[in-house]
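One file, final_0.txt, carrying compact mmCIF, C-alpha atoms and all ligand atoms:
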# COMPACT_ATOMS: atom_id res chain seq x y z
CA MET A 1 0.00 0.00 0.00
CA PHE A 2 1.13 3.55 -0.66
CA LEU A 3 2.73 5.26 2.31
CA LYS A 4 0.49 8.28 1.79
CA GLU A 5 -2.59 6.13 2.47
CA LYS A 6 -1.00 4.96 5.70
CA PHE A 7 -0.34 8.55 6.84
CA ILE A 8 -4.01 9.36 6.11
CA GLY A 9 -5.10 6.16 7.88
CA SER A 10 -3.20 7.06 11.03
CA LEU A 11 -4.54 10.62 11.30
CA MET A 12 -8.10 9.69 10.31
CA GLY A 13 -7.82 6.64 12.59
CA THR A 14 -7.16 8.99 15.51
CA HIS A 15 -10.27 10.99 14.64
CA ALA A 16 -12.44 7.87 14.20
CA GLY A 17 -11.34 6.28 17.49
CA ASP A 18 -11.74 9.55 19.39
CA ALA A 19 -15.27 10.12 18.01
CA LEU A 20 -16.33 6.49 18.58
CA GLY A 21 -15.17 6.53 22.20
CA MET A 22 -16.15 10.06 23.16
CA PRO A 23 -19.82 9.44 24.10
CA VAL A 24 -18.81 6.79 26.65
CA GLU A 25 -15.66 8.40 28.07
CA GLY A 26 -15.44 7.63 31.79
CA TYR A 27 -17.90 4.70 31.67
CA GLN A 28 -16.76 1.29 32.84
CA PRO A 29 -17.43 -1.69 30.52
CA GLY A 30 -20.27 -3.08 32.65
CA LEU A 31 -22.20 0.15 32.32
CA ILE A 32 -21.52 0.38 28.58
CA LYS A 33 -22.82 -3.16 28.19
CA MET A 34 -25.92 -2.47 30.26
CA ARG A 35 -26.83 0.75 28.42
CA TRP A 36 -25.75 0.05 24.85
CA GLY A 37 -24.83 -3.62 24.60
CA GLN A 38 -21.77 -2.77 22.56
CA VAL A 39 -20.61 0.51 21.02
CA THR A 40 -20.18 -0.20 17.31
CA GLU A 41 -21.09 3.08 15.63
CA MET A 42 -20.80 6.82 16.10
CA MET A 43 -23.36 7.82 18.72
CA ASP A 44 -24.84 11.13 19.79
CA ALA A 45 -22.25 13.18 21.60
CA ARG A 46 -22.02 16.48 23.44
CA LEU A 47 -20.82 18.36 20.32
CA GLY A 48 -22.77 16.13 17.91
CA ARG A 49 -22.39 12.66 16.39
CA GLY A 50 -18.91 11.93 15.05
CA THR A 51 -17.27 14.93 16.71
CA TYR A 52 -13.75 14.80 18.04
CA THR A 53 -12.25 15.94 21.32
CA ASP A 54 -8.92 17.29 22.64
CA ASP A 55 -7.13 14.13 21.41
CA THR A 56 -7.71 14.95 17.74
CA GLU A 57 -7.53 18.73 18.20
CA MET A 58 -4.02 18.44 19.66
CA MET A 59 -3.06 15.90 16.96
CA ILE A 60 -4.08 18.50 14.36
CA ALA A 61 -1.89 21.09 16.10
CA ILE A 62 1.13 18.77 16.00
CA ALA A 63 0.65 17.97 12.31
CA GLU A 64 0.23 21.66 11.43
CA SER A 65 3.40 22.60 13.27
CA LEU A 66 5.49 19.75 11.79
CA CYS A 67 4.37 20.75 8.28
CA ARG A 68 4.91 24.48 8.85
CA CYS A 69 8.40 24.04 10.35
CA LYS A 70 9.42 21.00 8.28
CA GLY A 71 10.14 19.21 11.54
CA PHE A 72 9.98 19.90 15.27
CA ASN A 73 10.00 23.45 16.60
CA GLY A 74 9.07 23.81 20.27
CA PRO A 75 7.78 27.40 20.36
CA ASP A 76 5.78 26.84 17.17
CA MET A 77 4.21 23.60 18.41
CA ALA A 78 3.23 25.25 21.70
CA GLN A 79 1.71 28.10 19.68
CA ALA A 80 -0.19 25.59 17.53
CA PHE A 81 -1.68 24.05 20.69
CA LEU A 82 -2.83 27.52 21.75
CA GLU A 83 -4.24 28.45 18.34
CA ASN A 84 -6.28 25.25 18.18
CA PHE A 85 -7.39 25.18 21.84
CA SER A 86 -11.17 25.01 22.25
CA PRO A 87 -12.07 24.19 25.87
CA ASP A 88 -15.40 22.66 24.85
CA ARG A 89 -13.46 19.76 23.27
CA GLY A 90 -12.81 18.55 26.85
CA TYR A 91 -9.17 19.06 27.89
CA GLY A 92 -7.40 17.64 30.94
CA GLY A 93 -6.87 20.06 33.84
CA GLY A 94 -3.06 19.91 33.75
CA THR A 95 -2.91 20.58 30.01
CA THR A 96 -5.35 23.49 30.33
CA LYS A 97 -3.17 25.05 33.02
CA VAL A 98 0.08 24.56 31.08
CA LEU A 99 -1.43 26.13 27.95
CA SER A 100 -2.61 29.15 29.93
CA LEU A 101 0.89 29.56 31.40
CA ILE A 102 2.41 29.48 27.90
CA LYS A 103 -0.18 32.02 26.80
CA SER A 104 0.90 34.34 29.59
CA GLY A 105 4.54 34.11 28.51
CA LYS A 106 6.06 31.05 30.22
CA PRO A 107 8.60 29.37 27.85
CA TRP A 108 7.33 26.28 25.99
CA ASP A 109 9.85 23.99 27.70
CA GLU A 110 9.26 25.24 31.23
CA ALA A 111 5.49 25.57 31.63
CA GLY A 112 5.05 21.80 31.94
CA LYS A 113 7.02 21.80 35.20
CA GLU A 114 4.26 23.75 36.91
CA VAL A 115 1.67 20.97 37.11
CA PHE A 116 1.48 18.00 39.47
CA ASN A 117 4.64 16.80 41.12
CA GLY A 118 7.32 16.63 38.45
CA GLY A 119 4.93 17.19 35.55
CA SER A 120 1.95 15.32 34.11
CA TYR A 121 1.82 11.64 33.21
CA GLY A 122 -1.71 11.91 31.83
CA ASN A 123 -2.59 10.48 28.41
CA GLY A 124 -2.37 13.90 26.76
CA SER A 125 1.00 13.65 25.05
CA ALA A 126 0.53 10.08 23.75
CA MET A 127 -3.01 10.53 22.41
CA ARG A 128 -1.91 13.29 19.97
CA ILE A 129 1.39 11.81 18.74
CA ALA A 130 0.36 10.10 15.45
CA PRO A 131 1.88 12.81 13.15
CA VAL A 132 5.29 12.39 14.84
CA GLY A 133 5.10 8.61 14.35
CA CYS A 134 4.32 9.18 10.66
CA LEU A 135 6.90 11.86 9.85
CA PHE A 136 9.81 9.99 11.48
CA TYR A 137 8.53 6.47 10.87
CA ASP A 138 11.83 5.29 9.37
CA LYS A 139 14.18 7.07 11.84
CA PRO A 140 13.58 5.54 15.30
CA GLN A 141 16.19 7.62 17.17
CA GLN A 142 14.94 10.94 15.79
CA LEU A 143 11.37 9.77 16.35
CA LYS A 144 12.05 9.10 20.04
CA GLU A 145 13.71 12.50 20.46
CA VAL A 146 10.86 14.42 18.79
CA ALA A 147 8.22 12.42 20.69
CA LYS A 148 9.97 13.39 23.92
CA LEU A 149 10.27 17.07 22.97
CA SER A 150 6.62 17.26 21.87
CA SER A 151 5.60 15.65 25.18
CA ILE A 152 7.50 17.99 27.51
CA ILE A 153 5.48 20.98 26.34
CA THR A 154 2.61 19.72 28.51
CA HIS A 155 3.72 16.34 29.97
CA ARG A 156 7.15 16.39 31.61
CA HIS A 157 6.89 13.38 33.89
CA LEU A 158 8.97 10.40 32.70
CA LEU A 159 5.83 8.24 32.54
CA GLY A 160 4.12 10.83 30.33
CA ILE A 161 7.16 11.14 28.06
CA GLU A 162 7.63 7.38 27.78
CA GLY A 163 3.91 6.97 26.98
CA ALA A 164 4.30 9.34 24.02
CA VAL A 165 7.50 7.61 22.88
CA LEU A 166 5.90 4.14 23.08
CA GLN A 167 2.78 5.22 21.19
CA SER A 168 4.86 6.97 18.48
CA LEU A 169 7.04 3.85 18.04
CA ALA A 170 3.92 1.69 17.66
CA VAL A 171 2.51 4.03 14.97
CA ALA A 172 5.88 4.04 13.14
CA LYS A 173 6.20 0.26 13.29
CA ALA A 174 2.64 -0.19 11.98
CA LEU A 175 3.50 2.15 9.08
CA ARG A 176 6.59 0.12 8.20
CA ILE A 177 4.78 -3.22 8.03
CA ASP A 178 3.42 -4.34 4.70
CA ASP A 179 -0.28 -4.92 5.36
CA SER A 180 -0.61 -7.35 2.45
CA LYS A 181 1.35 -9.92 4.48
CA LYS A 182 0.03 -11.58 7.63
CA MET A 183 1.24 -9.68 10.66
CA ASP A 184 2.64 -11.56 13.64
CA PRO A 185 1.65 -9.69 16.86
CA PHE A 186 4.42 -11.37 18.87
CA THR A 187 7.14 -10.22 16.48
CA PHE A 188 5.62 -6.72 16.46
CA LEU A 189 5.65 -6.65 20.26
CA GLN A 190 9.17 -8.04 20.61
CA GLU A 191 10.62 -5.49 18.16
CA LEU A 192 8.67 -2.70 19.84
CA ILE A 193 10.12 -3.65 23.26
CA GLU A 194 13.65 -3.65 21.82
CA GLU A 195 13.22 -0.24 20.16
CA PHE A 196 11.49 1.28 23.18
CA ASN A 197 13.80 0.08 25.96
CA PRO A 198 12.08 2.20 28.67
CA GLN A 199 13.58 3.40 31.94
CA SER A 200 10.38 2.98 33.91
CA LYS A 201 9.31 -0.27 35.49
CA GLU A 202 5.64 0.50 34.76
CA TYR A 203 6.06 0.15 30.97
CA LYS A 204 8.46 -2.80 31.23
CA ASP A 205 5.90 -4.68 33.33
CA LYS A 206 2.97 -3.80 31.07
CA LEU A 207 4.77 -4.92 27.92
CA TYR A 208 5.66 -8.20 29.57
CA LEU A 209 2.02 -8.68 30.64
CA MET A 210 0.88 -7.86 27.12
CA ARG A 211 2.77 -10.84 25.72
CA LYS A 212 1.08 -13.12 28.26
CA LEU A 213 -2.35 -11.70 27.38
CA LEU A 214 -1.78 -12.22 23.65
CA ILE A 215 -1.12 -15.91 24.31
CA LYS A 216 -4.11 -16.30 26.60
CA GLU A 217 -6.95 -14.35 24.87
CA PRO A 218 -8.41 -13.27 28.22
CA ASP A 219 -11.72 -11.58 29.04
CA LYS A 220 -12.03 -7.78 29.25
CA GLU A 221 -11.80 -7.69 33.05
CA GLU A 222 -8.42 -9.34 33.03
CA VAL A 223 -7.12 -7.01 30.32
CA ILE A 224 -8.23 -3.95 32.30
CA LYS A 225 -6.78 -5.34 35.53
CA SER A 226 -3.45 -6.08 33.84
CA LEU A 227 -3.04 -3.12 31.49
CA GLY A 228 -5.47 -0.45 32.78
CA ASN A 229 -7.96 1.85 31.06
CA ASP A 230 -7.61 5.22 32.79
CA VAL A 231 -6.22 8.72 32.15
CA ARG A 232 -2.63 7.83 33.13
CA ALA A 233 -0.44 7.08 30.11
CA TYR A 234 1.00 3.84 31.51
CA ASN A 235 -2.60 2.65 32.03
CA SER A 236 -3.79 3.38 28.49
CA VAL A 237 -0.99 3.32 25.91
CA PRO A 238 -0.28 -0.43 26.45
CA THR A 239 -4.04 -1.06 26.36
CA ALA A 240 -4.38 0.70 23.00
CA ILE A 241 -1.45 -1.25 21.56
CA TYR A 242 -2.91 -4.50 22.89
CA SER A 243 -6.30 -3.72 21.29
CA PHE A 244 -4.54 -3.45 17.93
CA LEU A 245 -2.33 -6.52 18.40
CA ALA A 246 -5.28 -8.67 19.51
CA HIS A 247 -7.18 -7.62 16.34
CA PRO A 248 -4.52 -7.07 13.67
CA ASP A 249 -6.72 -7.98 10.71
CA SER A 250 -9.45 -5.41 11.17
CA PHE A 251 -9.43 -1.70 12.04
CA GLU A 252 -13.11 -1.95 12.92
CA GLU A 253 -12.66 -4.89 15.34
CA ALA A 254 -9.64 -3.29 17.03
CA LEU A 255 -11.52 -0.04 17.67
CA ILE A 256 -14.75 -1.65 18.83
CA TYR A 257 -12.69 -3.72 21.24
CA ALA A 258 -10.66 -0.70 22.47
CA VAL A 259 -13.69 1.51 23.11
CA ASN A 260 -15.72 -1.19 24.85
CA LEU A 261 -12.93 -1.67 27.38
CA GLY A 262 -14.36 1.50 28.95
CA GLY A 263 -12.51 4.13 30.99
CA ASP A 264 -10.64 6.68 28.87
CA THR A 265 -12.50 5.45 25.79
CA ASP A 266 -12.00 8.36 23.39
CA THR A 267 -8.28 8.27 24.09
CA ILE A 268 -7.72 4.51 23.98
CA GLY A 269 -9.84 4.56 20.79
CA ALA A 270 -7.79 7.42 19.31
CA MET A 271 -4.46 5.71 20.04
CA SER A 272 -5.60 2.31 18.81
CA GLY A 273 -7.03 4.03 15.73
CA ALA A 274 -3.70 5.78 15.05
CA ILE A 275 -1.82 2.46 15.11
CA SER A 276 -4.39 0.35 13.28
CA GLY A 277 -4.92 3.13 10.71
CA ALA A 278 -1.15 3.30 10.14
CA TYR A 279 -1.14 -0.43 9.44
CA HIS A 280 -4.29 -0.77 7.29
CA GLY A 281 -4.25 2.71 5.73
CA ILE A 282 -7.35 4.78 5.08
CA ARG A 283 -8.92 1.89 3.13
CA GLY A 284 -9.12 -0.07 6.39
CA VAL A 285 -11.36 2.54 8.05
CA PRO A 286 -15.02 1.59 7.50
CA VAL A 287 -16.81 4.01 5.19
CA TYR A 288 -19.88 4.08 7.46
CA TRP A 289 -17.66 5.51 10.20
CA LEU A 290 -15.78 7.92 7.93
CA GLU A 291 -19.03 9.37 6.61
CA SER A 292 -20.24 10.09 10.15
CA LEU A 293 -17.14 12.01 11.17
CA GLU A 294 -17.33 15.72 11.81
CA GLU A 295 -16.99 18.09 8.87
CA GLY A 296 -16.42 21.85 9.16
CA PRO A 297 -13.31 24.04 9.13
CA LYS A 298 -11.05 21.44 10.77
CA GLY A 299 -13.17 18.35 10.27
CA ARG A 300 -12.52 15.14 8.36
CA GLY A 301 -11.77 16.82 5.00
CA TYR A 302 -9.19 19.08 6.63
CA ILE A 303 -7.53 16.20 8.51
CA LYS A 304 -7.26 14.18 5.30
CA LYS A 305 -5.59 17.15 3.54
CA LEU A 306 -3.31 17.66 6.54
CA ALA A 307 -2.19 14.02 6.39
CA LYS A 308 -1.34 14.48 2.68
CA LYS A 309 0.61 17.62 3.56
CA LEU A 310 2.47 15.69 6.24
CA TYR A 311 3.37 13.10 3.63
CA ASP A 312 4.65 15.88 1.32
CA THR A 313 6.68 17.18 4.27
CA TYR A 314 8.14 13.71 4.72
CA LEU A 315 9.18 13.70 1.04
CA TYR A 316 10.62 17.22 1.36
CA ILE A 317 12.81 16.53 4.39
CA ASN A 318 14.02 13.24 2.94
CA LYS A 319 14.82 14.42 -0.58
N1 LIG A 401 -10.57 15.74 30.01
C1 LIG A 401 -11.05 14.73 29.48
N2 LIG A 401 -12.27 14.24 29.82
C2 LIG A 401 -13.16 14.84 30.77
C3 LIG A 401 -13.91 15.97 30.11
C4 LIG A 401 -14.76 15.48 28.99
C5 LIG A 401 -16.16 15.42 29.42
N3 LIG A 401 -16.76 14.23 28.84
C6 LIG A 401 -16.89 16.65 28.98
O1 LIG A 401 -18.07 16.48 28.71
O2 LIG A 401 -16.36 17.76 28.94
N4 LIG A 401 -10.41 14.02 28.52
C7 LIG A 401 -9.16 14.37 28.04
O3 LIG A 401 -8.22 14.40 29.14
C8 LIG A 401 -7.34 13.25 29.07
C9 LIG A 401 -5.96 13.74 28.79
O4 LIG A 401 -5.59 14.52 29.87
P1 LIG A 401 -4.18 15.23 29.91
O5 LIG A 401 -4.09 16.15 28.77
O6 LIG A 401 -3.13 14.23 30.06
O7 LIG A 401 -4.39 16.07 31.24
P2 LIG A 401 -3.64 16.09 32.65
O8 LIG A 401 -4.47 16.91 33.56
O9 LIG A 401 -2.23 16.50 32.45
O10 LIG A 401 -3.63 14.56 33.16
C10 LIG A 401 -4.85 13.84 33.31
C11 LIG A 401 -4.97 13.27 34.72
O11 LIG A 401 -3.91 12.37 34.99
C12 LIG A 401 -3.61 12.40 36.39
N5 LIG A 401 -2.18 12.80 36.52
C13 LIG A 401 -1.36 13.23 35.55
N6 LIG A 401 -0.14 13.47 36.04
C14 LIG A 401 -0.16 13.19 37.35
C15 LIG A 401 0.80 13.23 38.40
N7 LIG A 401 2.10 13.61 38.17
N8 LIG A 401 0.43 12.89 39.64
C16 LIG A 401 -0.86 12.49 39.87
N9 LIG A 401 -1.83 12.41 38.91
C17 LIG A 401 -1.49 12.77 37.68
C18 LIG A 401 -4.52 13.43 37.01
O12 LIG A 401 -5.66 12.77 37.52
C19 LIG A 401 -4.91 14.30 35.84
O13 LIG A 401 -6.14 14.94 36.02
C20 LIG A 401 -7.84 12.40 27.96
O14 LIG A 401 -8.74 11.44 28.45
C21 LIG A 401 -8.56 13.36 27.07
O15 LIG A 401 -9.55 12.74 26.31
MG MG A 402 -10.52 13.53 24.69
MG MG A 403 -10.01 10.78 26.96
Output the structure of this file as structure tokens.
Amino acid sequence: MFLKEKFIGSLMGTHAGDALGMPVEGYQPGLIKMRWGQVTEMMDARLGRGTYTDDTEMMIAIAESLCRCKGFNGPDMAQAFLENFSPDRGYGGGTTKVLSLIKSGKPWDEAGKEVFNGGSYGNGSAMRIAPVGCLFYDKPQQLKEVAKLSSIITHRHLLGIEGAVLQSLAVAKALRIDDSKKMDPFTFLQELIEEFNPQSKEYKDKLYLMRKLLIKEPDKEEVIKSLGNDVRAYNSVPTAIYSFLAHPDSFEEALIYAVNLGGDTDTIGAMSGAISGAYHGIRGVPVYWLESLEEGPKGRGYIKKLAKKLYDTYLYINK
């Protein structure tokens, strides 16, 4: 498949997963099952059916900045977050505070120190990382460095940074794999662990557990107990990767599984969508979902164009 289609798949996959999960964000799987049976299509949401949240809005900001600067530029990326910020998309408290500090003049690489103890380890810097995974998909060292720098703007804690690095590596790996051949989830996971090589015990443990879960095909409760489903990056990034690896043949199945795990559903959906979309490309995203996604100034048409621009940027910096 053409690389351009994979770039589009990853960015549109973020939007689709975010919009699918958004109406049930914060619900545990038992409640989702009781009220809806299973979430399989875009449902009514606060801003309308198929609308996205902070996950996709920040992903758009990253892609815009990478295209504008032909690579990473800290002040510009921070500015892009501010330009795109709409509070009604539902931002985390730490991120909202950091962005307001940057707006009042705090440097882009210092504001993130001001929240929590040692910075945030929320999902915020991993959920938006797809464009970094795409642009540096064939340069793992540079990819890790840019993922880290893009994280520290709002998420300075090691667990936040490593969440963004892990998610970006998973997107990049999914882009590199030829989707016409059968994918082996165990090989994917093993290579990911070797590339990632984290400092923190939390991610080491989760990646080890993931291998055991892939062998076992457990029920949802065990997956949530082992990997997590909440707003902390180490309790969601592995879960999103697992959702993809347990359903490598279908974007639709991976996302339905991810969202119905409950908890931080828009975010686990967005991250799983970014990886699965990078693997299957835009052709893997069901048309009935794509057609329900938000239109408007920065809706699905804009995101598709932005992904093409990101691909052109990739060609430009690698010529
Ligand atoms: N904000 C939401 N959802 C609630 C609002 C939506 C609602 N449905 C509505 O109708 O409006 N979702 C979005 O926020 C999450 C990403 O958050 P982010 O950007 O990481 O924010 P923050 O505040 O930095 O971290 C989130 C929480 O993680 C815990 N945490 C982080 N660092 C910590 C630390 N060092 N020590 C202790 N706790 C830490 C805190 O509980 C933070 O509040 C996504 O779900 C996105 O969709
Ligand atoms: Mg969100
Ligand atoms: Mg969320």
Compute the set of protein, DNA and RNA residues whose minimum atom distance to ligand MG 403 (chain A) is at most 9 Å, using only C-alpha atoms and all ligand atoms, and state it as a PDB file with C-alpha atoms, in the coordinates of the input.
ATOM      1  CA  ASP A  18     -11.740   9.550  19.390  1.00  0.00           C
ATOM      2  CA  GLY A  21     -15.170   6.530  22.200  1.00  0.00           C
ATOM      3  CA  MET A  22     -16.150  10.060  23.160  1.00  0.00           C
ATOM      4  CA  GLU A  25     -15.660   8.400  28.070  1.00  0.00           C
ATOM      5  CA  GLY A  26     -15.440   7.630  31.790  1.00  0.00           C
ATOM      6  CA  THR A  53     -12.250  15.940  21.320  1.00  0.00           C
ATOM      7  CA  ASP A  54      -8.920  17.290  22.640  1.00  0.00           C
ATOM      8  CA  ASP A  55      -7.130  14.130  21.410  1.00  0.00           C
ATOM      9  CA  GLY A  90     -12.810  18.550  26.850  1.00  0.00           C
ATOM     10  CA  TYR A  91      -9.170  19.060  27.890  1.00  0.00           C
ATOM     11  CA  GLY A  92      -7.400  17.640  30.940  1.00  0.00           C
ATOM     12  CA  ASN A 123      -2.590  10.480  28.410  1.00  0.00           C
ATOM     13  CA  GLY A 124      -2.370  13.900  26.760  1.00  0.00           C
ATOM     14  CA  MET A 127      -3.010  10.530  22.410  1.00  0.00           C
ATOM     15  CA  ASP A 230      -7.610   5.220  32.790  1.00  0.00           C
ATOM     16  CA  VAL A 231      -6.220   8.720  32.150  1.00  0.00           C
ATOM     17  CA  GLY A 263     -12.510   4.130  30.990  1.00  0.00           C
ATOM     18  CA  ASP A 264     -10.640   6.680  28.870  1.00  0.00           C
ATOM     19  CA  THR A 265     -12.500   5.450  25.790  1.00  0.00           C
ATOM     20  CA  ASP A 266     -12.000   8.360  23.390  1.00  0.00           C
ATOM     21  CA  THR A 267      -8.280   8.270  24.090  1.00  0.00           C
ATOM     22  CA  ILE A 268      -7.720   4.510  23.980  1.00  0.00           C
ATOM     23  CA  GLY A 269      -9.840   4.560  20.790  1.00  0.00           C
ATOM     24  CA  ALA A 270      -7.790   7.420  19.310  1.00  0.00           C
TER      25      ALA A 270
END
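The coordinates place CA of Ala130 in chain A at 19.3 Å from CA of Pro286 in chain A.
Of the residues under consideration (A:Glu83, A:Glu162, A:Glu221, A:Asp205), A:Glu221 shows the shortest atom-to-atom contact distance to Gly30 in chain A when counting all atoms listed in the file.
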Shortest contact to Ala147 in chain A, candidates A:Ser104, A:Lys182, A:Lys113, A:Gly71, atoms counted all atoms listed in the file, goes to A:Gly71
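Taking CA of Gly122 in chain A and atom C14 of ligand LIG 401 (chain A) as the two end points, the separation is 5.9 Å.
When only C-alpha atoms and all ligand atoms are used to compute distances to ligand LIG 401 (chain A), the closest of the residues A:Glu253, A:Asp179, A:Asp88, A:Glu194 turns out to be A:Asp88.
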Can you tell me, as number ranges by chain, which residues sit within 9 Å of (-8.6, 0.1, 14.4) in the file's frame, using all atoms listed in the file? A: 13, 16-17, 243-244, 247-248, 250-258, 269-277, 279-280, 284-285
Could you list, as an mmCIF file with C-alpha atoms, keeping the file's coordinate frame, every residue within 10 Å of Ala61 in chain A, counting all atoms listed in the file and ignoring same-chain residues fewer than 2 positions away?
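The resulting file, part12.cif, is reproduced below:
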data_model
loop_
_atom_site.group_PDB
_atom_site.id
_atom_site.type_symbol
_atom_site.label_atom_id
_atom_site.label_comp_id
_atom_site.auth_asym_id
_atom_site.auth_seq_id
_atom_site.Cartn_x
_atom_site.Cartn_y
_atom_site.Cartn_z
ATOM 1 C CA THR A 56 -7.710 14.950 17.740
ATOM 2 C CA GLU A 57 -7.530 18.730 18.200
ATOM 3 C CA MET A 58 -4.020 18.440 19.660
ATOM 4 C CA MET A 59 -3.060 15.900 16.960
ATOM 5 C CA ALA A 63 0.650 17.970 12.310
ATOM 6 C CA GLU A 64 0.230 21.660 11.430
ATOM 7 C CA SER A 65 3.400 22.600 13.270
ATOM 8 C CA LEU A 66 5.490 19.750 11.790
ATOM 9 C CA ASP A 76 5.780 26.840 17.170
ATOM 10 C CA MET A 77 4.210 23.600 18.410
ATOM 11 C CA ALA A 78 3.230 25.250 21.700
ATOM 12 C CA GLN A 79 1.710 28.100 19.680
ATOM 13 C CA ALA A 80 -0.190 25.590 17.530
ATOM 14 C CA PHE A 81 -1.680 24.050 20.690
ATOM 15 C CA LEU A 82 -2.830 27.520 21.750
ATOM 16 C CA GLU A 83 -4.240 28.450 18.340
ATOM 17 C CA ASN A 84 -6.280 25.250 18.180
ATOM 18 C CA PHE A 85 -7.390 25.180 21.840
ATOM 19 C CA ARG A 128 -1.910 13.290 19.970
ATOM 20 C CA PRO A 131 1.880 12.810 13.150
#
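For the atom pair formed by CA of Phe186 in chain A and CA of Ile241 in chain A, the distance is 12.0 Å, given to one decimal.
Between Ala240 in chain A and the candidates A:Ala126, A:Val146, A:Leu20, A:Met183, the tightest atom-to-atom separation, counting all atoms listed in the file, involves A:Ala126.
Closest approach to Ser150 in chain A among A:Gly74, A:Pro218, A:Pro185, A:Gly105: A:Gly74, based on only C-alpha atoms.
For Tyr311 in chain A, the non-local neighbours within 8 Å, defined as residues at least 6 positions apart in the same chain or in other chains and counting all atoms listed in the file, are Leu3, Lys4, Phe7 and Leu135 of chain A.
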Please return range 71-84 of chain A, rebuilt to N, CA, C and O atoms, as a tab-separated table (two decimals), keeping the file's coordinate frame.
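out-v9.tsv written:
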chain	number	residue	atom	x	y	z
A	71	GLY	N	9.53	19.97	10.44
A	71	GLY	CA	10.14	19.21	11.54
A	71	GLY	C	9.72	19.82	12.87
A	71	GLY	O	8.83	20.67	12.91
A	72	PHE	N	10.38	19.42	13.94
A	72	PHE	CA	9.98	19.90	15.27
A	72	PHE	C	10.52	21.29	15.57
A	72	PHE	O	11.67	21.59	15.32
A	73	ASN	N	9.62	22.12	16.11
A	73	ASN	CA	10.00	23.45	16.60
A	73	ASN	C	9.15	23.70	17.85
A	73	ASN	O	7.93	23.83	17.76
A	74	GLY	N	9.79	23.73	19.00
A	74	GLY	CA	9.07	23.81	20.27
A	74	GLY	C	8.14	25.01	20.40
A	74	GLY	O	6.94	24.83	20.67
A	75	PRO	N	8.66	26.24	20.21
A	75	PRO	CA	7.78	27.40	20.36
A	75	PRO	C	6.60	27.35	19.38
A	75	PRO	O	5.47	27.69	19.72
A	76	ASP	N	6.86	26.90	18.15
A	76	ASP	CA	5.78	26.84	17.17
A	76	ASP	C	4.73	25.80	17.55
A	76	ASP	O	3.52	26.04	17.40
A	77	MET	N	5.19	24.64	18.04
A	77	MET	CA	4.21	23.60	18.41
A	77	MET	C	3.35	24.06	19.59
A	77	MET	O	2.13	23.85	19.61
A	78	ALA	N	4.00	24.72	20.55
A	78	ALA	CA	3.23	25.25	21.70
A	78	ALA	C	2.20	26.27	21.21
A	78	ALA	O	1.04	26.28	21.65
A	79	GLN	N	2.62	27.10	20.25
A	79	GLN	CA	1.71	28.10	19.68
A	79	GLN	C	0.55	27.42	18.94
A	79	GLN	O	-0.60	27.86	19.03
A	80	ALA	N	0.86	26.33	18.25
A	80	ALA	CA	-0.19	25.59	17.53
A	80	ALA	C	-1.21	25.01	18.52
A	80	ALA	O	-2.42	25.00	18.23
A	81	PHE	N	-0.74	24.54	19.67
A	81	PHE	CA	-1.68	24.05	20.69
A	81	PHE	C	-2.61	25.19	21.11
A	81	PHE	O	-3.83	24.99	21.24
A	82	LEU	N	-2.02	26.37	21.31
A	82	LEU	CA	-2.83	27.52	21.75
A	82	LEU	C	-3.82	27.95	20.68
A	82	LEU	O	-4.99	28.22	20.96
A	83	GLU	N	-3.36	28.00	19.44
A	83	GLU	CA	-4.24	28.45	18.34
A	83	GLU	C	-5.43	27.51	18.16
A	83	GLU	O	-6.52	27.93	17.79
A	84	ASN	N	-5.21	26.22	18.40
A	84	ASN	CA	-6.28	25.25	18.18
A	84	ASN	C	-7.17	25.03	19.41
A	84	ASN	O	-8.23	24.41	19.30
